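Pasted below: coords.tsv, TSV, C-alpha atoms.
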chain	number	residue	atom	x	y	z
D	180	MET	CA	0.00	0.00	0.00
D	181	PRO	CA	1.62	3.31	-1.02
D	182	TYR	CA	2.32	5.89	1.67
D	183	THR	CA	0.20	9.04	1.75
D	184	PRO	CA	0.77	12.15	3.89
D	185	ASP	CA	-2.23	11.19	6.02
D	186	SER	CA	-1.19	7.61	6.72
D	187	ALA	CA	0.17	6.40	10.05
D	188	VAL	CA	3.40	7.77	11.49
D	189	TYR	CA	4.65	4.46	12.82
D	190	PRO	CA	3.02	1.59	10.91
D	191	SER	CA	3.39	-1.53	13.02
D	192	PRO	CA	1.62	-4.83	12.20
D	193	GLY	CA	-0.44	-6.15	15.10
D	194	ALA	CA	-0.25	-2.92	17.10
D	195	ALA	CA	-3.00	-0.42	17.77
D	196	PRO	CA	-3.56	2.04	14.91
D	197	ALA	CA	-0.99	4.81	15.10
D	198	PRO	CA	-1.99	8.44	14.54
D	199	ARG	CA	-1.79	9.68	10.98
D	200	LEU	CA	1.27	11.76	10.24
D	201	MET	CA	-0.47	15.08	9.58
D	202	ASP	CA	-2.71	14.62	12.62
D	203	GLU	CA	0.36	14.02	14.77
D	204	VAL	CA	2.10	17.09	13.35
D	205	ARG	CA	-1.01	19.14	14.12
D	206	ARG	CA	-1.17	17.75	17.67
D	207	VAL	CA	2.46	18.59	18.45
D	208	LEU	CA	2.11	22.08	16.97
D	209	ARG	CA	-0.84	22.80	19.24
D	210	LEU	CA	0.89	21.20	22.21
D	211	LYS	CA	3.74	23.69	21.78
D	212	HIS	CA	1.30	26.61	21.29
D	213	TYR	CA	2.21	27.47	17.71
D	214	SER	CA	-0.16	29.94	16.08
D	215	HIS	CA	-2.88	28.76	13.71
D	216	ALA	CA	-1.16	30.55	10.82
D	217	THR	CA	2.10	28.71	11.54
D	218	GLU	CA	0.19	25.44	11.81
D	219	LYS	CA	-1.33	25.89	8.36
D	220	ALA	CA	2.03	26.88	6.86
D	221	TYR	CA	3.96	23.95	8.38
D	222	LEU	CA	1.35	21.39	7.38
D	223	GLY	CA	1.38	22.77	3.86
D	224	TRP	CA	5.18	22.56	3.53
D	225	ILE	CA	5.36	19.04	4.96
D	226	ARG	CA	2.67	17.87	2.57
D	227	ARG	CA	4.48	19.49	-0.39
D	228	PHE	CA	7.77	17.85	0.67
D	229	ILE	CA	6.18	14.40	0.75
D	230	LEU	CA	4.40	14.82	-2.58
D	231	PHE	CA	7.56	16.27	-4.19
D	232	HIS	CA	9.37	13.00	-3.46
D	233	GLY	CA	6.65	10.73	-4.80
D	234	LYS	CA	4.83	10.20	-1.48
D	235	ARG	CA	7.79	8.60	0.23
D	236	HIS	CA	7.63	8.51	4.02
D	237	PRO	CA	9.87	11.18	5.67
D	238	ARG	CA	11.63	8.44	7.65
D	239	GLU	CA	12.95	7.07	4.38
D	240	MET	CA	14.48	10.41	3.40
D	241	GLY	CA	17.31	12.56	4.66
D	242	GLY	CA	19.50	15.56	3.97
D	243	ALA	CA	19.78	14.95	0.23
D	244	GLU	CA	16.01	15.00	-0.21
D	245	VAL	CA	15.64	18.13	1.92
D	246	GLU	CA	18.36	19.92	-0.08
D	247	GLU	CA	16.73	18.84	-3.35
D	248	PHE	CA	13.35	20.14	-2.23
D	249	LEU	CA	14.73	23.49	-1.06
D	250	SER	CA	16.76	23.88	-4.25
D	251	ALA	CA	13.67	23.25	-6.36
D	252	LEU	CA	11.85	25.97	-4.42
D	253	ALA	CA	14.63	28.45	-5.11
D	254	VAL	CA	15.44	27.54	-8.72
D	255	GLN	CA	12.10	26.44	-10.16
D	256	GLY	CA	9.72	28.17	-7.77
D	257	GLN	CA	11.92	31.27	-7.43
D	258	VAL	CA	10.60	31.79	-3.90
D	259	ALA	CA	11.99	34.43	-1.56
D	260	ALA	CA	14.65	33.53	1.00
D	261	SER	CA	12.14	33.93	3.84
D	262	THR	CA	9.79	31.46	2.14
D	263	GLN	CA	12.57	28.93	1.67
D	264	ASN	CA	13.59	29.28	5.30
D	265	GLN	CA	10.00	28.74	6.42
D	266	ALA	CA	9.90	25.50	4.44
D	267	LEU	CA	13.14	24.40	6.11
D	268	ALA	CA	11.76	25.29	9.55
D	269	ALA	CA	8.71	23.12	8.86
D	270	LEU	CA	10.87	20.13	7.91
D	271	LEU	CA	13.12	20.62	10.94
D	272	PHE	CA	10.00	20.61	13.12
D	273	LEU	CA	8.78	17.43	11.46
D	274	TYR	CA	11.97	15.48	12.08
D	275	ARG	CA	12.93	16.84	15.49
D	276	GLN	CA	9.59	17.37	17.21
D	277	VAL	CA	7.26	14.86	15.55
D	278	LEU	CA	9.35	11.94	14.34
D	279	LEU	CA	11.87	12.50	17.18
D	280	VAL	CA	14.75	11.92	14.80
D	281	GLU	CA	17.90	13.92	15.52
D	282	LEU	CA	20.04	13.50	12.43
D	283	PRO	CA	23.40	15.24	11.92
D	284	TRP	CA	22.48	16.47	8.44
D	285	LEU	CA	19.81	18.77	9.91
D	286	ASP	CA	22.44	21.17	11.22
D	287	GLY	CA	24.30	21.06	7.92
D	288	VAL	CA	21.40	22.23	5.78
D	289	VAL	CA	22.21	25.75	4.64
D	290	ARG	CA	19.58	28.40	5.22
D	291	ALA	CA	18.98	30.92	2.48
D	292	ARG	CA	20.42	34.32	3.28
D	293	LYS	CA	17.67	36.88	3.66
D	294	PRO	CA	18.60	40.11	1.88
D	295	ARG	CA	18.59	43.25	3.95
D	296	ARG	CA	15.75	45.47	2.77
D	297	LEU	CA	14.75	48.93	3.89
D	298	PRO	CA	11.06	49.09	4.78
D	299	VAL	CA	8.67	51.17	2.73
D	300	VAL	CA	7.75	54.27	4.72
D	301	LEU	CA	5.20	56.92	3.82
D	302	SER	CA	5.61	60.55	4.76
D	303	VAL	CA	3.34	62.05	7.40
D	304	ALA	CA	1.39	63.83	4.66
D	305	GLU	CA	0.99	60.59	2.68
D	306	VAL	CA	-0.30	58.74	5.75
D	307	GLN	CA	-2.81	61.49	6.46
D	308	THR	CA	-4.02	61.39	2.85
D	309	LEU	CA	-4.26	57.60	2.92
D	310	LEU	CA	-6.25	57.52	6.17
D	311	ALA	CA	-8.53	60.30	4.92
D	312	CYS	CA	-9.60	57.88	2.18
D	313	MET	CA	-10.61	55.23	4.72
D	314	ASP	CA	-13.68	55.24	6.93
D	315	GLY	CA	-15.79	52.85	8.95
D	316	ARG	CA	-14.37	49.95	10.91
D	317	VAL	CA	-11.45	49.28	8.57
D	318	GLY	CA	-10.53	52.96	8.77
D	319	LEU	CA	-10.49	52.71	12.57
D	320	VAL	CA	-8.27	49.60	12.42
D	321	ALA	CA	-5.85	51.34	10.03
D	322	ARG	CA	-5.63	54.37	12.32
D	323	LEU	CA	-5.09	52.07	15.30
D	324	LEU	CA	-2.17	50.29	13.60
D	325	TYR	CA	-0.53	53.57	12.63
D	326	GLY	CA	-1.21	55.20	16.00
D	327	THR	CA	0.07	52.31	18.12
D	328	GLY	CA	2.63	50.43	16.00
D	329	MET	CA	0.78	47.15	16.47
D	330	ARG	CA	1.03	44.35	13.94
D	331	LEU	CA	-2.09	43.53	11.96
D	332	MET	CA	-3.20	40.48	13.94
D	333	GLU	CA	-2.32	42.16	17.24
D	334	GLY	CA	-4.81	44.88	16.37
D	335	LEU	CA	-7.55	42.57	15.11
D	336	ARG	CA	-7.20	40.24	18.11
D	337	LEU	CA	-7.44	43.09	20.61
D	338	ARG	CA	-9.69	42.12	23.53
D	339	VAL	CA	-11.96	44.51	25.42
D	340	LYS	CA	-10.08	43.99	28.70
D	341	ASP	CA	-6.78	45.10	27.18
D	342	LEU	CA	-7.92	48.67	26.47
D	343	ASP	CA	-7.09	50.94	29.42
D	344	PHE	CA	-8.72	54.32	28.80
D	345	ALA	CA	-7.76	55.63	32.25
D	346	ARG	CA	-4.04	55.08	31.66
D	347	ASN	CA	-4.18	55.82	27.91
D	348	GLU	CA	-2.50	52.54	27.04
D	349	ILE	CA	-3.13	49.28	25.25
D	350	ILE	CA	-1.76	45.96	26.47
D	351	VAL	CA	-0.71	43.82	23.52
D	352	ARG	CA	-1.08	40.19	24.53
D	353	GLU	CA	0.96	37.37	23.03
D	354	GLY	CA	2.70	39.39	20.37
D	355	LYS	CA	5.43	37.96	18.21
D	356	GLY	CA	7.40	35.44	20.25
D	357	GLY	CA	4.55	35.12	22.76
D	358	LYS	CA	5.51	38.39	24.50
D	359	ASP	CA	3.21	40.96	26.11
D	360	ARG	CA	3.91	44.69	25.94
D	361	ARG	CA	2.30	48.09	26.41
D	362	THR	CA	1.78	50.72	23.76
D	363	VAL	CA	0.14	54.12	23.55
D	364	LEU	CA	-3.62	54.56	23.12
D	365	PRO	CA	-4.21	57.51	20.75
D	366	GLN	CA	-6.68	60.00	22.24
D	367	SER	CA	-8.18	60.65	18.81
D	368	LEU	CA	-9.37	57.02	18.67
D	369	VAL	CA	-11.03	56.84	22.09
D	370	ALA	CA	-14.53	57.65	20.83
D	371	GLY	CA	-14.29	55.19	17.95
D	372	LEU	CA	-12.95	52.39	20.14
D	373	LYS	CA	-15.66	52.94	22.76
D	374	ALA	CA	-18.27	52.72	19.99
D	375	GLU	CA	-16.75	49.42	18.83
D	376	ILE	CA	-16.87	48.11	22.41
D	377	GLU	CA	-20.55	48.97	22.71
D	378	ARG	CA	-21.21	47.29	19.37
D	379	ALA	CA	-19.36	44.18	20.61
D	380	ARG	CA	-21.38	44.30	23.84
D	381	VAL	CA	-24.67	44.14	21.94
D	382	LEU	CA	-23.45	41.25	19.78
D	383	HIS	CA	-22.17	39.42	22.86
D	384	GLY	CA	-25.57	39.76	24.52
D	385	LEU	CA	-27.25	38.25	21.47
D	386	ASP	CA	-24.75	35.40	21.40
D	387	LEU	CA	-25.35	34.60	25.08
D	388	ALA	CA	-29.07	34.54	24.44
D	389	ASP	CA	-28.45	32.01	21.64
D	390	GLY	CA	-26.40	29.79	23.92
D	391	ARG	CA	-23.04	30.88	22.51
D	392	GLY	CA	-20.83	33.84	23.45
D	393	GLN	CA	-17.77	31.86	24.55
D	394	ALA	CA	-14.54	33.37	23.29
D	395	ARG	CA	-11.59	31.13	22.57
D	396	LEU	CA	-9.11	31.59	25.41
D	397	PRO	CA	-5.36	31.12	24.99
D	398	HIS	CA	-3.75	27.88	26.11
D	399	ALA	CA	-5.40	26.23	29.15
D	400	LEU	CA	-7.19	29.28	30.57
D	401	ALA	CA	-10.56	27.85	29.52
D	402	ARG	CA	-10.02	24.91	31.91
D	403	LYS	CA	-8.55	27.04	34.68
D	404	TYR	CA	-11.23	29.73	34.55
D	405	VAL	CA	-14.37	27.95	33.41
D	406	SER	CA	-16.63	31.00	33.15
D	407	ALA	CA	-14.05	33.41	31.74
D	408	ALA	CA	-14.83	32.58	28.11
D	409	SER	CA	-18.34	34.03	28.52
D	410	GLU	CA	-17.14	37.27	30.15
D	411	PHE	CA	-17.39	40.37	28.02
D	412	GLY	CA	-13.79	41.43	28.75
D	413	TRP	CA	-12.47	38.47	26.73
D	414	GLN	CA	-14.46	39.34	23.60
D	415	PHE	CA	-12.79	40.89	20.56
D	416	VAL	CA	-13.09	44.65	20.19
D	417	PHE	CA	-13.45	44.32	16.41
D	418	ALA	CA	-16.04	41.55	16.53
D	419	SER	CA	-17.07	39.97	13.25
D	420	VAL	CA	-20.60	40.39	11.93
D	421	GLN	CA	-21.30	36.66	11.84
D	422	CYS	CA	-20.26	33.69	13.94
D	423	SER	CA	-18.12	31.03	12.32
D	424	ARG	CA	-16.74	27.62	13.20
D	425	ASP	CA	-13.44	27.69	15.06
D	426	PRO	CA	-10.84	25.76	13.00
D	427	LEU	CA	-9.12	24.52	16.17
D	428	ASP	CA	-12.02	22.90	18.03
D	429	GLY	CA	-15.01	23.19	15.69
D	430	VAL	CA	-17.07	25.37	18.08
D	431	MET	CA	-19.23	28.14	16.61
D	432	ARG	CA	-17.83	31.45	17.85
D	433	ARG	CA	-17.77	35.14	17.03
D	434	HIS	CA	-14.26	35.90	15.84
D	435	HIS	CA	-12.65	39.19	14.84
D	436	LEU	CA	-12.71	41.01	11.53
D	437	ASP	CA	-11.12	39.21	8.59
D	438	ASP	CA	-7.69	40.63	7.81
D	439	SER	CA	-8.47	40.54	4.08
D	440	MET	CA	-11.02	43.33	4.59
D	441	LEU	CA	-8.28	45.72	5.68
D	442	ALA	CA	-5.98	44.64	2.85
D	443	ARG	CA	-8.66	45.45	0.27
D	444	ALA	CA	-9.48	48.77	1.94
D	445	LEU	CA	-5.80	49.80	1.99
D	446	ARG	CA	-5.46	48.94	-1.68
D	447	ARG	CA	-8.46	51.07	-2.60
D	448	ALA	CA	-7.30	53.96	-0.41
D	449	ARG	CA	-3.79	53.88	-1.89
D	450	HIS	CA	-5.15	54.22	-5.42
D	451	GLN	CA	-7.59	56.92	-4.37
D	452	ALA	CA	-4.83	58.86	-2.61
D	453	GLY	CA	-2.54	58.58	-5.64
D	454	ILE	CA	0.23	56.86	-3.68
D	455	ASP	CA	2.53	54.81	-5.89
D	456	LYS	CA	4.42	53.07	-3.07
D	457	PRO	CA	3.22	49.62	-2.00
D	458	VAL	CA	1.12	49.86	1.16
D	459	THR	CA	0.20	47.03	3.52
D	460	ALA	CA	-0.93	46.93	7.13
D	461	HIS	CA	2.70	46.45	8.17
D	462	THR	CA	3.65	49.64	6.33
D	463	LEU	CA	1.64	51.53	8.95
D	464	ARG	CA	3.81	49.97	11.67
D	465	HIS	CA	6.95	51.09	9.82
D	466	CYS	CA	5.51	54.60	9.56
D	467	PHE	CA	4.73	54.65	13.29
D	468	ALA	CA	8.33	53.87	14.20
D	469	THR	CA	9.92	56.20	11.66
D	470	HIS	CA	7.68	59.15	12.48
D	471	LEU	CA	8.36	58.75	16.21
D	472	LEU	CA	12.10	58.86	15.58
D	473	GLU	CA	11.63	61.89	13.34
D	474	SER	CA	9.78	63.57	16.20
D	475	GLY	CA	12.77	63.12	18.50
D	476	TYR	CA	11.79	60.08	20.56
D	477	ASP	CA	14.75	57.92	21.57
D	478	ILE	CA	15.25	54.55	19.92
D	479	ARG	CA	14.84	52.60	23.20
D	480	THR	CA	11.34	54.00	23.65
D	481	VAL	CA	10.43	53.03	20.09
D	482	GLN	CA	11.94	49.58	20.63
D	483	GLU	CA	9.74	49.03	23.69
D	484	LEU	CA	6.58	50.19	21.93
D	485	LEU	CA	7.27	47.90	18.95
D	486	GLY	CA	8.15	44.92	21.14
D	487	HIS	CA	11.57	44.27	19.59
D	488	SER	CA	13.84	42.03	21.64
D	489	ASP	CA	16.99	43.57	20.16
D	490	VAL	CA	17.51	47.27	19.50
D	491	ALA	CA	19.36	46.27	16.32
D	492	THR	CA	15.97	45.38	14.83
D	493	THR	CA	14.70	48.88	15.61
D	494	GLN	CA	17.81	50.48	14.14
D	495	ILE	CA	16.60	49.70	10.62
D	496	TYR	CA	14.43	52.81	10.95
D	497	THR	CA	17.47	55.00	11.52
D	498	HIS	CA	18.63	53.98	8.03
D	499	VAL	CA	15.29	55.12	6.68
D	500	LEU	CA	15.83	58.48	8.36
D	501	ASN	CA	19.22	58.91	6.69
D	502	ARG	CA	17.97	58.63	3.14
D	503	GLY	CA	18.22	61.43	0.62
D	504	GLY	CA	18.31	65.09	1.48
D	505	SER	CA	17.31	64.56	5.13
D	506	ALA	CA	20.96	63.86	5.96
D	507	VAL	CA	23.15	64.39	2.87
D	508	LEU	CA	23.42	67.26	0.44
D	509	SER	CA	23.86	65.95	-3.07
D	510	PRO	CA	26.96	67.31	-4.85
D	511	LEU	CA	24.66	68.17	-7.76
D	512	ASP	CA	22.88	70.67	-5.53
D	513	ARG	CA	26.08	72.23	-4.15
D	514	ARG	CA	26.64	75.76	-5.28
D	515	ALA	CA	30.06	77.22	-5.91
Before we go any further, please render this structure as structure tokens.
Amino acid sequence: MPYTPDSAVYPSPGAAPAPRLMDEVRRVLRLKHYSHATEKAYLGWIRRFILFHGKRHPREMGGAEVEEFLSALAVQGQVAASTQNQALAALLFLYRQVLLVELPWLDGVVRARKPRRLPVVLSVAEVQTLLACMDGRVGLVARLLYGTGMRLMEGLRLRVKDLDFARNEIIVREGKGGKDRRTVLPQSLVAGLKAEIERARVLHGLDLADGRGQARLPHALARKYVSAASEFGWQFVFASVQCSRDPLDGVMRRHHLDDSMLARALRRARHQAGIDKPVTAHTLRHCFATHLLESGYDIRTVQELLGHSDVATTQIYTHVLNRGGSAVLSPLDRRA
């Protein structure tokens, strides 16, 4: 019987049925609290690796097959270095964490070198023009990302309890790397955010009346605090219009706004504003950091607000500041 990606991990005649490979990968990913996005990405790369080699079981393959797969991604697929490294990370997870195979060739696999790129940053005037072309809920989310420096999913997953209007701050829970941090709450957004909270309160009341209203809590909090999932403080500020089935446990819940809505709104606003630079939700985070530095805030403060572990990551924005005439007078413009 040919092997398929969903067949058993450890086929053993006479023994109890072993878990299927992809189910076991999924279980270990969730056991180690990987995000749902990472789970989808890793499962996709592992499946592609197996199919690339004619549905051979990963235990039958080694460094040569991994190198061949990664080379095909770079040469034939022409993927970016970050994409190739993500594929490698997925395969390393498969062998080390799922199959529990520590092979010496894993450390010898060369990672693609990620080129150093300067982020795209809009001027203050460009950001103002862009945001002026956005209204409604997506406009509020865009202003929140620019005004706080939060990443896209950090903003969309914002819970009611993490907005502190008295202290003018937002607590960002489980950011990149599972870290919490504090960032500024823009005064100009207070009214809009309070309106979103009241909207979420009404929806939560309707959900409770329908026998739902339980938010998905991180990790094991749902078992530790049984009633917490139904509390309003745990609900998303930017609650979705409709309930949908949770991909992790299959329960019908009210999630947050779909990130694709903001992407489409930003694309429309960029064209309407006549901005030729590429603009994504993460561009607003770059603008937040750069404009703070331009205003004279020290780099350590910006580092803390962004949640960077190393100040070297934040220093990329100092390179943005040094571009063009802001720091250097071109010899073409020098007068005798």
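Nearest to Ile350 of chain D of all the residues D:Pro397, D:Gly429, D:Gly334, D:Gly223 is D:Gly334, counting all atoms listed in the file.
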Subject >> Selection near Met431 of chain D, 9 Å with all atoms listed in the file, sequence-local residues under 4 positions removed, as an NGL selection string >> reply: :D and (391 or 393 or 422-425)
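Each of D:Gln414, D:Gln482, D:Gln257, D:Thr308 was checked against Ala394 of chain D using only C-alpha atoms; the smallest atom-to-atom distance is that of D:Gln414.
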**OP:** Using atom CA of Arg360 of chain D and atom CA of Ser488 of chain D as the two end points, give the distance in Å to one decimal.
**Re:** 11.1 Å
Subject >> Two-atom distance - atom CA of Glu244 of chain D, atom CA of His232 of chain D (Å) >> reply: 7.7 Å
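Atom CA of Leu372 of chain D is found 11.9 Å from atom CA of Asp341 of chain D.
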Original post:
Nearest to Arg275 of chain D: which of D:Val300, D:Leu324, D:Val204, D:Val317 is it, counting all atoms listed in the file?
Top reply: D:Val204
Subject >> D:Asp343, D:Glu203, D:Asp314, D:Glu218 ranked by distance to Leu279 of chain D, top pick (using all atoms listed in the file) >> reply: D:Glu203
**OP:** Select, from D:Glu348, D:Asp477, D:Asp455, D:Asp386, the residue with the minimum atom-to-atom distance to Val299 of chain D, counting only C-alpha atoms.
**Re:** D:Asp455
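The nearest approach to Phe272 of chain D among the residues D:Phe415, D:Phe467, D:Tyr213, D:Tyr476, with all atoms listed in the file taken into account, belongs to D:Tyr213.
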